[in-house]
Structure formats: structure tokens, C-alpha cells
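Source file: structure-v1.tsv (TSV, C-alpha atoms)
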```
chain	number	residue	atom	x	y	z
I	16	MET	CA	-13.52	31.33	14.07
I	17	GLU	CA	-12.14	28.10	15.52
I	18	THR	CA	-11.00	25.26	13.28
I	19	THR	CA	-11.06	21.61	14.27
I	20	ASP	CA	-7.98	19.36	14.10
I	21	ASN	CA	-9.46	17.45	11.19
I	22	GLN	CA	-10.13	20.61	9.20
I	23	LYS	CA	-6.58	21.84	9.87
I	24	THR	CA	-5.14	18.57	8.61
I	25	THR	CA	-7.18	18.43	5.43
I	26	THR	CA	-7.30	22.11	4.40
I	27	SER	CA	-4.25	23.92	5.77
I	28	ASN	CA	-1.69	21.72	4.02
I	29	PRO	CA	-2.29	21.50	0.24
I	30	ASN	CA	0.17	18.58	0.02
I	31	GLY	CA	-1.39	16.65	2.92
I	32	ILE	CA	-3.85	13.77	2.93
I	33	SER	CA	-6.79	14.42	0.63
I	34	GLY	CA	-10.37	14.33	1.78
I	35	GLU	CA	-11.05	11.39	-0.53
I	36	VAL	CA	-8.42	9.28	1.24
I	37	ILE	CA	-9.86	10.23	4.63
I	38	ASN	CA	-13.34	9.20	3.46
I	39	GLU	CA	-11.97	5.85	2.28
I	40	LEU	CA	-10.25	5.44	5.64
I	41	SER	CA	-13.52	6.09	7.47
I	42	GLN	CA	-15.42	3.71	5.18
I	43	GLU	CA	-12.91	0.91	5.79
I	44	ILE	CA	-13.16	1.48	9.55
I	45	ASN	CA	-16.95	1.19	9.36
I	46	ASN	CA	-16.69	-1.98	7.24
I	47	MET	CA	-14.26	-3.59	9.70
I	48	LEU	CA	-16.47	-2.63	12.65
I	49	SER	CA	-19.53	-4.11	10.94
I	50	TYR	CA	-17.60	-7.29	10.09
I	51	ALA	CA	-16.27	-7.65	13.64
I	52	VAL	CA	-19.69	-7.14	15.23
I	53	TYR	CA	-21.40	-9.51	12.78
I	54	ASN	CA	-18.85	-12.28	13.41
I	55	GLY	CA	-18.54	-11.79	17.15
I	56	ILE	CA	-14.92	-10.62	17.02
I	57	ILE	CA	-13.61	-8.84	20.11
I	58	ILE	CA	-12.91	-5.18	19.33
I	59	ASN	CA	-10.31	-3.08	21.10
I	60	THR	CA	-12.27	-0.49	23.12
I	61	GLU	CA	-9.69	2.20	22.32
I	62	VAL	CA	-11.19	2.37	18.83
I	63	ASN	CA	-14.31	4.18	20.07
I	64	GLY	CA	-12.40	7.15	21.45
I	65	LEU	CA	-10.17	7.36	18.40
I	66	ILE	CA	-13.13	7.43	16.00
I	67	GLN	CA	-14.94	10.13	18.00
I	68	ASN	CA	-11.93	12.45	17.86
I	69	SER	CA	-11.94	12.10	14.06
I	70	SER	CA	-8.44	13.50	13.53
I	71	VAL	CA	-6.37	11.86	10.81
I	72	ASP	CA	-3.87	10.44	13.32
I	73	ASP	CA	-6.68	8.94	15.39
I	74	LEU	CA	-8.38	7.46	12.33
I	75	ILE	CA	-5.13	5.83	11.25
I	76	ASN	CA	-4.59	4.41	14.74
I	77	ALA	CA	-8.18	3.12	14.81
I	78	HIS	CA	-7.67	1.56	11.39
I	79	ASN	CA	-4.50	-0.18	12.56
I	80	LEU	CA	-6.18	-1.55	15.69
I	81	LEU	CA	-9.19	-2.84	13.77
I	82	ALA	CA	-6.96	-4.44	11.11
I	83	LYS	CA	-5.32	-6.48	13.87
I	84	ASN	CA	-8.71	-7.41	15.34
I	85	VAL	CA	-10.20	-8.71	12.06
I	86	ALA	CA	-7.07	-10.47	10.76
I	87	PRO	CA	-6.59	-12.59	8.67
I	88	ALA	CA	-9.36	-10.68	6.89
I	89	THR	CA	-8.31	-7.35	5.40
I	90	PRO	CA	-10.27	-4.17	4.61
I	91	LYS	CA	-10.03	-5.05	0.93
I	92	SER	CA	-11.35	-8.59	1.35
I	93	ILE	CA	-14.12	-7.37	3.67
I	94	GLU	CA	-15.22	-4.79	1.11
I	95	TYR	CA	-15.23	-7.40	-1.67
I	96	THR	CA	-17.24	-9.84	0.45
I	97	LYS	CA	-19.71	-7.07	1.27
I	98	GLN	CA	-20.16	-6.32	-2.43
I	99	LEU	CA	-20.85	-9.98	-3.13
I	100	ARG	CA	-23.38	-10.19	-0.30
I	101	ASP	CA	-25.23	-6.93	-0.93
I	102	GLY	CA	-24.76	-6.28	-4.64
I	103	GLU	CA	-26.69	-9.20	-6.11
I	104	LYS	CA	-29.11	-10.54	-3.52
I	105	GLY	CA	-31.09	-13.63	-4.41
I	106	ARG	CA	-28.42	-15.07	-6.70
I	107	SER	CA	-26.69	-18.35	-5.96
I	108	ILE	CA	-23.07	-18.53	-4.81
I	109	PHE	CA	-22.11	-19.92	-8.25
I	110	ASN	CA	-23.40	-16.78	-9.96
I	111	LYS	CA	-21.88	-14.46	-7.38
I	112	LEU	CA	-18.52	-16.23	-7.51
I	113	PRO	CA	-17.66	-17.33	-11.06
I	114	LEU	CA	-14.32	-18.56	-9.72
I	115	VAL	CA	-15.98	-21.31	-7.66
I	116	ARG	CA	-18.18	-22.31	-10.59
I	117	ASN	CA	-15.24	-22.43	-13.00
I	118	LEU	CA	-13.09	-24.47	-10.62
I	119	ILE	CA	-15.87	-27.01	-10.11
I	120	LEU	CA	-16.46	-27.28	-13.88
I	121	LEU	CA	-12.73	-27.79	-14.47
I	122	ALA	CA	-12.66	-30.46	-11.77
I	123	VAL	CA	-15.53	-32.28	-13.50
I	124	ILE	CA	-13.74	-32.03	-16.87
I	125	PHE	CA	-10.49	-33.43	-15.45
I	126	LEU	CA	-12.45	-36.19	-13.71
I	127	ILE	CA	-14.12	-37.17	-17.00
I	128	LEU	CA	-10.75	-37.17	-18.79
I	129	PHE	CA	-9.29	-39.29	-16.00
I	130	ILE	CA	-12.07	-41.87	-16.33
I	131	ILE	CA	-12.02	-41.98	-20.15
I	132	THR	CA	-8.24	-42.30	-20.45
I	133	GLY	CA	-8.11	-44.74	-17.53
I	134	LEU	CA	-10.55	-47.03	-19.36
I	135	SER	CA	-8.38	-47.06	-22.49
I	136	PRO	CA	-6.34	-50.26	-22.99
I	137	LYS	CA	-3.44	-48.08	-24.15
I	138	VAL	CA	-3.06	-46.66	-20.64
I	139	ASN	CA	-1.50	-49.40	-18.53
I	140	ASN	CA	1.57	-50.20	-16.46
I	141	HIS	CA	3.67	-51.02	-19.51
I	142	SER	CA	2.84	-47.85	-21.48
I	143	LEU	CA	3.35	-45.66	-18.42
I	144	SER	CA	6.69	-47.28	-17.64
I	145	GLU	CA	7.89	-46.41	-21.17
I	146	GLY	CA	7.45	-42.71	-20.40
I	147	ILE	CA	7.73	-39.91	-22.92
I	148	LEU	CA	11.00	-41.02	-24.51
I	149	ASN	CA	10.00	-44.56	-25.44
I	150	ASN	CA	6.33	-43.99	-26.21
I	151	ASN	CA	4.72	-42.42	-29.26
I	152	GLY	CA	1.51	-41.81	-31.18
I	153	LEU	CA	-1.92	-42.25	-29.68
I	154	SER	CA	-0.55	-44.20	-26.73
I	155	LEU	CA	1.69	-41.28	-25.73
I	156	LEU	CA	-1.18	-38.81	-26.11
I	157	LEU	CA	-3.52	-40.89	-23.93
I	158	ASN	CA	-0.88	-41.46	-21.26
I	159	LEU	CA	0.01	-37.77	-21.07
I	160	THR	CA	-3.69	-36.86	-20.94
I	161	PHE	CA	-4.17	-39.36	-18.12
I	162	LEU	CA	-1.28	-37.92	-16.09
I	163	SER	CA	-2.34	-34.34	-16.86
I	164	SER	CA	-5.89	-35.03	-15.68
I	165	VAL	CA	-4.56	-36.49	-12.43
I	166	SER	CA	-2.32	-33.43	-11.98
I	167	GLY	CA	-5.27	-31.16	-12.73
I	168	LEU	CA	-7.39	-32.93	-10.12
I	169	GLY	CA	-4.58	-32.47	-7.60
I	170	VAL	CA	-4.24	-28.73	-8.15
I	171	LEU	CA	-8.01	-28.21	-8.22
I	172	PHE	CA	-8.35	-30.16	-4.99
I	173	TYR	CA	-5.89	-27.71	-3.46
I	174	LEU	CA	-7.50	-24.58	-4.98
I	175	LEU	CA	-11.06	-25.54	-4.04
I	176	LYS	CA	-9.97	-26.09	-0.45
I	177	LYS	CA	-8.13	-22.76	-0.52
I	178	VAL	CA	-11.15	-20.90	-1.92
I	179	THR	CA	-13.43	-22.51	0.67
I	180	ASP	CA	-11.14	-21.35	3.48
I	181	SER	CA	-10.92	-17.87	1.93
I	182	ILE	CA	-14.71	-17.55	1.84
I	183	GLN	CA	-15.06	-18.76	5.42
I	184	ASN	CA	-12.30	-16.45	6.69
I	185	CYS	CA	-13.39	-13.53	4.49
I	186	THR	CA	-9.92	-13.27	2.90
I	187	LEU	CA	-10.98	-13.65	-0.74
I	188	VAL	CA	-10.06	-10.78	-3.09
I	189	GLU	CA	-10.83	-10.34	-6.76
I	190	GLU	CA	-7.18	-10.33	-7.84
I	191	GLU	CA	-6.81	-13.99	-6.81
I	192	PHE	CA	-8.98	-15.05	-9.76
I	193	ILE	CA	-6.18	-14.30	-12.23
I	194	SER	CA	-3.50	-16.07	-10.20
I	195	TYR	CA	-5.56	-19.26	-9.97
I	196	THR	CA	-5.48	-19.70	-13.75
I	197	ALA	CA	-1.69	-19.62	-13.75
I	198	GLN	CA	-1.61	-21.93	-10.72
I	199	ILE	CA	-3.67	-24.56	-12.56
I	200	LEU	CA	-1.17	-24.57	-15.43
I	201	LEU	CA	1.73	-24.73	-12.97
I	202	GLY	CA	0.05	-27.65	-11.21
I	203	ILE	CA	-0.32	-29.65	-14.43
I	204	ILE	CA	3.30	-28.95	-15.38
I	205	ALA	CA	4.49	-29.86	-11.88
I	206	GLY	CA	2.51	-33.11	-11.99
I	207	LEU	CA	4.10	-34.09	-15.31
I	208	ILE	CA	7.54	-33.22	-13.95
I	209	MET	CA	6.99	-35.36	-10.88
I	210	SER	CA	5.54	-38.33	-12.77
I	211	GLU	CA	7.90	-38.34	-15.75
I	212	ILE	CA	11.22	-36.78	-14.81
I	213	ILE	CA	11.51	-37.97	-11.21
I	214	SER	CA	10.31	-41.50	-12.00
I	215	PHE	CA	12.70	-41.54	-14.98
I	216	TYR	CA	15.59	-41.44	-12.51
I	217	SER	CA	14.09	-44.13	-10.28
I	218	SER	CA	16.63	-46.70	-9.10
I	219	ASN	CA	14.28	-49.56	-9.97
I	220	PRO	CA	12.35	-49.01	-13.24
I	221	GLN	CA	10.16	-52.04	-12.46
I	222	ASP	CA	8.55	-50.04	-9.64
I	223	ILE	CA	7.21	-47.47	-12.11
I	224	ASN	CA	3.59	-48.44	-12.61
I	225	LEU	CA	0.10	-47.05	-12.93
I	226	PHE	CA	-0.24	-46.42	-9.19
I	227	SER	CA	3.11	-44.77	-8.51
I	228	LYS	CA	3.00	-42.43	-11.52
I	229	SER	CA	-0.57	-41.42	-10.70
I	230	VAL	CA	0.41	-40.64	-7.12
I	231	LEU	CA	3.41	-38.59	-8.28
I	232	ALA	CA	1.19	-36.64	-10.70
I	233	LEU	CA	-1.40	-36.02	-7.97
I	234	ILE	CA	1.25	-34.87	-5.49
I	235	GLY	CA	2.87	-32.68	-8.14
I	236	GLY	CA	-0.41	-30.94	-8.92
I	237	PHE	CA	-1.35	-30.47	-5.29
I	238	SER	CA	2.06	-29.16	-4.21
I	239	SER	CA	2.96	-27.09	-7.27
I	240	ASP	CA	3.94	-24.13	-5.08
I	241	ALA	CA	6.39	-26.28	-3.11
I	242	ILE	CA	7.92	-27.76	-6.27
I	243	PHE	CA	8.30	-24.29	-7.78
I	244	SER	CA	10.05	-23.10	-4.59
I	245	VAL	CA	12.41	-26.09	-4.66
I	246	LEU	CA	13.33	-25.51	-8.31
I	247	GLN	CA	13.73	-21.78	-7.71
I	248	GLY	CA	16.01	-22.52	-4.73
I	249	ILE	CA	18.18	-24.81	-6.87
I	250	ILE	CA	18.44	-22.15	-9.59
I	251	ASP	CA	19.33	-19.46	-7.05
I	252	ARG	CA	22.09	-21.66	-5.63
I	253	VAL	CA	23.51	-22.31	-9.09
I	254	LYS	CA	23.39	-18.59	-9.93
I	255	SER	CA	25.10	-17.67	-6.67
I	256	PHE	CA	27.84	-20.21	-7.40
I	257	PHE	CA	28.69	-18.53	-10.72
I	258	THR	CA	28.14	-14.94	-9.56
I	259	THR	CA	30.02	-15.08	-6.26
I	260	PRO	CA	33.13	-12.86	-6.59
I	261	ILE	CA	36.45	-14.60	-6.17
I	262	ILE	CA	38.39	-13.30	-3.17
I	263	LYS	CA	42.07	-12.99	-3.89
```
Just give me the structure as C-alpha cells.
Amino acid sequence: METTDNQKTTTSNPNGISGEVINELSQEINNMLSYAVYNGIIINTEVNGLIQNSSVDDLINAHNLLAKNVAPATPKSIEYTKQLRDGEKGRSIFNKLPLVRNLILLAVIFLILFIITGLSPKVNNHSLSEGILNNNGLSLLLNLTFLSSVSGLGVLFYLLKKVTDSIQNCTLVEEEFISYTAQILLGIIAGLIMSEIISFYSSNPQDINLFSKSVLALIGGFSSDAIFSVLQGIIDRVKSFFTTPIIK
């Protein structure tokens, strides 16, 4: 009795690729094909012959070709988007994507905090110019809340734009939800660093006012990734200076 190439690959070698992995490979190929056809993406015609042969090598080659065709989307992001679209039909995007809903709610909260603290007479050019070291009490709390809310708006502006692009490009994956929480905290910290520490070393303290500190906080929140990379680069340079072996 003759045995096909696919059967030889999956049954003759007990340590080879399992049938479950091959089924997942086939499912991902079908998902990528469906995504490409639905979005009008040009598909490499070699895929058809590779899928018909159905050997493991051909399936892997077809998978690789399709992954290039649908990029920047990935099989994982396509599967997640399909689950969102088909799993809970009739529900709004806010119920399907709690991440979008939570980011919008946080943006509204930071906006309210920004307005409330901005209306306070204790938040002004003079109190902001005093900074953390020379301010105290309720005035310090209100000023830090004001700068934190501006930083939060900056990072949420960045994340909402990023999520929108991810949904449009079908690159959103579930694991990103966890990283966004940490990124919001990093954005607030980066905004405070930019507004307080950098302005503290300004050559002309008279230039430190409501506008400049707010802009620094907004930029710090929006570009928290860049600030983290800069600080990490400085630390790596300092570490390399002390760890470089001395050549005799």
C-alpha cells in the first residue's frame, strides 16, 4: 500500500512534527489567504501549488510566502482579529476591545484632572517655577497632578494613535494590552522627568513657566520610549566604561 509524503512525514518519524502543529499550520495558511483576499492583497501564485501538494515542506514554504504577502499583519494578529469579528457579532467596538474603551476613559480622566488643576489659583507660573524642591503642601500636590495629567494625555495620545493604526493594519495582538499599562506609567514618569529635572537645569530659570513645563510634560509622555532609550544608552555607556578591561 502506497503512503503519501505527508503521511510519511507525520507517522514514520515519532520525533517529527506532530499532526497538531500541521493542523495549526494549515489553519494559519487559510486565515492568511482569507485576510489577503478580503483586503485585496496580491498573493504569490506559487502558494496554490504548494498547498495542493500538502507536504510539510510545502506547507512551511506556503506559510512563509503568505506571511510576506500579508505583512505587517501576522498570523497571530489575523487570528485575534478574526476572533473579535466573528466571536461576538452585534457588539460595539468598545465591548469587543476593552483596551480602546479603557484608554478613552483614562484620556477623559486625565483631561478632567488637567482642567480642574489648571483652574486652581495654586497652579501658576510662580508655583511651577519653584518645582519640587521649593514647593510643598497642597500647592505641590496640585502642580504635580497638573504635570502628571499633561504627561498622561501625551502618552494616551500616542497609544490611541498606535491602537488605531494596529486595528487598521490588523497587527493588534492580545499581549499588547498588558504592555500598554506599563507604558502609561512610563509616560507619566517620563513627563515628570522632562518637566522637572530638565527644566531644573535650564540656563535661564525665568523661562520656566506654565507653557514650557506643560510642553515638556506633554513631550515626555508622548515620547516615553525615546526617553527610556536615551537613559538606557547613557547607563550602558557608563557600565561599559567601568567594565572595560584594562589592556596592559
>> If we draw a sphere of 12 Å around (-4.4, 1.8, 17.3), which residues have at least one atom in it when counting all atoms listed in the file? Please report them as a list in words.
In response: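 Within the cut-off we find Ile44, Ile58, Asn59, Thr60, Glu61, Val62, Asn63, Gly64, Leu65, Ile66, Asp72, Asp73, Leu74, Ile75, Asn76, Ala77, His78, Asn79, Leu80, Leu81, Ala82, Lys83 and Asn84 of chain I.
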Show me a table, sorted first by chain and then by increasing residue number, of the residues of stretch 29-49 of chain I having an atom at most 9 Å from stretch 94-102 of chain I, each with its shortest atom pair and the distance in Å to one decimal, counting only C-alpha atoms and written as a Markdown table.
```
| residue | atom | partner | partner_atom | distance |
| --- | --- | --- | --- | --- |
| I:Glu43 | CA | I:Glu94 | CA | 7.7 |
| I:Asn46 | CA | I:Glu94 | CA | 6.9 |
| I:Met47 | CA | I:Glu94 | CA | 8.7 |
```
> With all atoms listed in the file as the atoms that count, which of I:Lys228, I:Ala122, I:Phe172, I:Ala205 lies nearest to I:Ser142?
Replying inline: I:Lys228
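In this structure, atom CA of I:Glu211 sits 6.4 Å away from atom CA of I:Gly146.
Using only C-alpha atoms, the shortest contact distance between I:Ser164 and any of I:Ser181, I:Ser229, I:Asn139, I:Ser92 is found at I:Ser229.
Here atom CA of I:Pro90 is placed at a distance of 29.0 Å from atom CA of I:Ser239.
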> In terms of the shortest atom-to-atom distance over only C-alpha atoms, which of I:Val253, I:Ala197, I:Leu175, I:Val170 is closest to I:Gly235?
Replying inline: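 Ranked by minimum distance to I:Gly235, first place goes to I:Val170.
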>> Taking 5 positions as the minimum chain separation for residues in the same chain, which residues sit within 9 Å of I:Lys137 when counting all atoms listed in the file? Answer as a ChimeraX atom specification.
In response: /I:132,142,153-155,157-158
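Put simply, atom CA of I:Leu118 is 15.9 Å away from atom CA of I:Ser163.
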>> If we count all atoms listed in the file and set the cut-off at 10 Å, which residues sit around I:Val165, ignoring sequence neighbours fewer than 2 positions away in its own chain? Please answer as a ChimeraX atom specification.
In response: /I:125-126,128-129,159-163,167-171,203,206-207,228-237
> Got a sec to check which residues sit within 12 Å of (-14.9, -21.0, -9.2), counting all atoms listed in the file, and write them as a PyMOL selection string?
Replying inline: chain I and resi 108-122+171+174-179+182+187+189+191-193+195-196
> Quick one: of I:Asn45, I:Ser70, I:Thr258, I:Thr89, who's nearest to I:Val188, counting only C-alpha atoms?
Replying inline: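 Nearest to I:Val188: I:Thr89.
Closest to I:Ile37 among I:Leu148, I:Lys91, I:Val71, I:Ile131 is I:Val71, based on all atoms listed in the file.
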